[in-house]
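Chemist: Take a look at the following structure, please.
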Amino acid sequence: MTMVLGLLAVAAGGLIMGSGAWPFKLMHKYRFEHWWFVGMLVGLVVMPWTITLVGCPHALQSLRKVPSSALILGNLFAVGWGIANVLCGICYVRIGVALTGAILAGLGVSLGAITPMVFKGSGLFKNAADVGSAAGLTVCGGVALMLVGVVVASVAGFGRDRELKKQQETSGGFLAGLVMTVIAGFLSAFMAFAFVYSQGPIVANLSVVEPENAIQVTVEGDKGLTGEYTVGNDGTIEMPGVGRIAVAGVSASDAAARIADQVKTMRPGSDPTVRVETGSIAAIFGFSALGLVGGALVNLAYAAYLLTKNKSWGVLAQSGGELALAVIIGIDFSLAVGLANKGMLLLGALGASVGWGIQQAMQMTGTQLLGFISREWRGVYGKPRTQMYLAIGIFVVAAAILAFGNTLTAG
């Protein structure tokens with residue numbers, strides 16, 4: 001059931017991410033910089049910080065305990081992703097949502113899905129399968145199929161361009177947009193890297209163990225102690241051969257330290273590595289608040305630059321309806337990131353690779369649906385449209401292969 005919930009979460013996150021920009025299709029006064037500034041401010045600052053401060057007890061005190069190395073690493077990746085996100089928004093306007101989403105999904109997944117199997121991530125992702133394992137090879141097969149989908153989608157995009165007779169008018173713009181999309185595709189994987197390589201200590205310090213709640217305890221190398229424990233009314237858990245340990249009222253990180261100390265006391269000579277997970281959703285948004293600051297700055301700075309250059313700050317207040325639509329874009333974005341990250345954790349050790357791959361496949365599907373609904377393909381029939389349908393089918397099959405790869409780690 002946990003794996004199913006993980007699959008549903010990353011799939012929903014991908015669909016929302018891919019189609020979440022739909023409100024900009026309804027805007028007339030707002031240009032790119034207007035809805036991008038508002039959307040990223042809400043999605044990367046207002047919403048994640050609000051959820052973190054409200055949903056994580058003693059959030060500000062907990063933040064001080066997060067290792068600076070995790071924050072620095074996460075935000076370095078976030079800067080790269082921020083550049084990708086800006087390019088993505090520009091390409092939505094230049095070459096359309098459908099084609100942009102297809103290329104980003106394929107190229108982003110090729111890097112984001114394979115790297116965590118080579119360079120292990122933080123937290124539970126440390127135990128990801130190797131590339132040469134059965135699960136790893138299956139994931140690589142799914143990634144290869146997604147790249148085929150990228151090629152098919154790109155060919156369909158060029159065909160659409162010719163059908164709409166724009167080739168002679170905007171050829172340079174289209175090719176430039178395509179190049180930017182390819183660059184953004186590779187950099188888009190940095191979103192996954194920020195989470196994979198820095199979420200462990202951030203989430204562990206923001207999560208608080210509560211009485212009567214279930215927690216997942218992992219003692220590396222000891223299956224007898226690893227498992228789910230229910231915290232009693234007295235705030236303790238009972239571990240076989242170790243005894244009672246008080247864990248309630250402290251962060252998951254501190255609870256893990258207490259368990260490790262107790263195990264060392266009861267088993268002299270041992271030096272266990274312990275991880276505690278509470279399942280806190282608010283702590284997942286806490287990662288977005290802390291780990292994506294670099295990406296937020298890049299996105300907001302670029303939008304602010306355009307607003308200043310075009311002297312169009314005043315336009316933000318000219319339409320309450322379009323301001324609301326821009327806020328919706330931000331909410332959609334924040335929810336999509338939170339769902340995808342939560343789903344990766346639910347999928348287990350290989351969740352970074354499999355979850356990212358499925359999220360990207362569903363993101364591509366969402367962008368194609370938005371592209372068709374918003375009539376980007378109006379008047380285009382025959383071969384280009386058939387090719388794009390084929391690309392969507394390839395991405396869905398690739399996602400199924402990735403999901404199957406995750407089951408191979410269960411044994």
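Scheme for the structure tokens: letters A, B, ... for chains in order shown; per-chain residue numbers from 1; ligand numbers from 1 in order shown.
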With a distance cut-off of 12 Å and only C-alpha atoms, select the neighbouring residues of A:Ala399, excluding the residue or stretch itself and same-chain residues fewer than 2 positions from it, and output the selection as JSON, numbers by chain.
Modeler: {"A": [7, 8, 10, 11, 14, 105, 106, 109, 113, 138, 139, 140, 141, 142, 143, 144, 145, 146, 149, 353, 354, 355, 356, 357, 358, 359, 360, 361, 362, 363, 364, 365, 392, 393, 394, 395, 396, 397, 401, 402, 403, 404, 405, 406]}
Chemist: Near A:Ser251, counting only C-alpha atoms, which residues have an atom at most 10 Å away, once you skip same-chain residues fewer than 2 positions from it, shown as a list in words?
Modeler: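 Surrounding residues, per the criterion: Cys56, Pro57, His58, Ser62, Val203, Ala204, Asn205, Leu206, Ser207, Val208, Val209, Glu210, Val247, Ala248, Gly249, Ser253, Asp254, Ala255, Ala256, Ala257, Val276, Glu277 and Thr278 of chain A.
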Chemist: Export C-alpha atoms of the chosen residues as a PDB file, in the first residue's frame?
Modeler:
```
ATOM      1  CA  CYS A  56       6.167  21.891  12.147  1.00  0.00           C
ATOM      2  CA  PRO A  57       6.282  22.403  15.946  1.00  0.00           C
ATOM      3  CA  HIS A  58       9.183  24.599  17.039  1.00  0.00           C
ATOM      4  CA  SER A  62      14.614  23.129  14.522  1.00  0.00           C
ATOM      5  CA  VAL A 203      13.213  16.603   7.070  1.00  0.00           C
ATOM      6  CA  ALA A 204      14.613  14.763  10.112  1.00  0.00           C
ATOM      7  CA  ASN A 205      15.128  18.002  12.053  1.00  0.00           C
ATOM      8  CA  LEU A 206      11.736  19.482  11.141  1.00  0.00           C
ATOM      9  CA  SER A 207       9.766  16.289  11.887  1.00  0.00           C
ATOM     10  CA  VAL A 208       8.617  15.913  15.510  1.00  0.00           C
ATOM     11  CA  VAL A 209       7.727  12.565  17.109  1.00  0.00           C
ATOM     12  CA  GLU A 210       4.275  12.688  18.718  1.00  0.00           C
ATOM     13  CA  VAL A 247      11.244   9.570  21.781  1.00  0.00           C
ATOM     14  CA  ALA A 248       8.142  11.799  21.911  1.00  0.00           C
ATOM     15  CA  GLY A 249       8.427  15.556  21.862  1.00  0.00           C
ATOM     16  CA  SER A 253      16.885  13.416  14.249  1.00  0.00           C
ATOM     17  CA  ASP A 254      17.121  13.573  18.061  1.00  0.00           C
ATOM     18  CA  ALA A 255      14.941  10.460  18.406  1.00  0.00           C
ATOM     19  CA  ALA A 256      17.324   8.583  16.096  1.00  0.00           C
ATOM     20  CA  ALA A 257      20.269   9.681  18.256  1.00  0.00           C
ATOM     21  CA  VAL A 276      13.561   7.829  12.175  1.00  0.00           C
ATOM     22  CA  GLU A 277      10.725   8.911   9.890  1.00  0.00           C
ATOM     23  CA  THR A 278       7.462  10.382  11.129  1.00  0.00           C
TER      24      THR A 278
END
```
Chemist: As a PyMOL selection string, please: every residue in stretch 281-372 of chain A that DSSP puts in alpha helix (DSSP H).
Modeler: chain A and resi 281-291+293-309+320-346+351-372
Chemist: Mind checking DSSP for stretch 166-269 of chain A and telling me the strand (DSSP E or B) residues as an NGL selection string?
Modeler: :A and (208 or 214-219 or 227-230 or 236-239 or 243-246 or 251)
Chemist: Could you check how far atom CA of A:Val93 sits from atom CA of A:Leu339, in Å to one decimal?
Modeler: 26.1 Å
Chemist: Identify which of the residues A:Leu350, A:Leu370, A:Ala282, A:Leu390 lies closest to A:Met47, counting only C-alpha atoms when measuring atom-to-atom distances.
Modeler: A:Ala282
Chemist: Excluding A:Ala324 and residues on its chain fewer than 3 positions from it, collect all residues at most 10 Å away from it, counting only C-alpha atoms, and give them as a list in words.
Modeler: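 Listed by chain and then number, they are Pro23, Trp35, Val38, Gly39, Ser319, Gly320, Gly321, Val327, Ile328, Ile329 and Gly330 of chain A.
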Chemist: Name the residues in contact with stretch 228-245 of chain A at a cut-off of 9 Å, using only C-alpha atoms, excluding same-chain residues fewer than 6 positions from it; report them as a list in words.
Modeler: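 What passes the distance filter is Val209, Glu210, Pro211, Glu212, Asn213, Ala214, Ile215, Gln216, Val217, Thr218, Ala255, Arg258, Ile259, Gln262, Val263, Thr265, Met266 and Arg267 of chain A.
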Chemist: Keeping only C-alpha atoms, take the residues you just selected and write them out as a CSV table (one decimal), in the first residue's frame.
Modeler:
```csv
chain,number,residue,atom,x,y,z
A,209,VAL,CA,7.7,12.6,17.1
A,210,GLU,CA,4.3,12.7,18.7
A,211,PRO,CA,2.7,10.3,21.3
A,212,GLU,CA,0.3,7.7,19.8
A,213,ASN,CA,1.7,8.1,16.3
A,214,ALA,CA,3.5,5.5,14.3
A,215,ILE,CA,7.1,6.0,13.3
A,216,GLN,CA,9.4,4.1,11.0
A,217,VAL,CA,12.7,3.2,12.5
A,218,THR,CA,15.6,2.0,10.4
A,255,ALA,CA,14.9,10.5,18.4
A,258,ARG,CA,18.5,8.4,21.4
A,259,ILE,CA,17.8,5.1,19.8
A,262,GLN,CA,20.4,2.9,23.7
A,263,VAL,CA,21.4,0.3,21.2
A,265,THR,CA,24.4,0.7,25.6
A,266,MET,CA,22.6,-2.6,25.3
A,267,ARG,CA,24.9,-4.0,22.7
```
Chemist: Could you check how far atom CA of A:Val179 sits from atom CA of A:Glu376, in Å to one decimal?
Modeler: 19.9 Å
Chemist: Work out how far apart atom CA of A:Leu187 and atom CA of A:Gly112 are and give it in Å to one decimal.
Modeler: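 Between atom CA of A:Leu187 and atom CA of A:Gly112 the gap works out to 9.4 Å.
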Chemist: Could you check which of A:Leu73, A:Ala400, A:Ile331, A:Met3 is closest to A:Tyr197, using only C-alpha atoms?
Modeler: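 Result for the nearest residue to A:Tyr197: A:Leu73.
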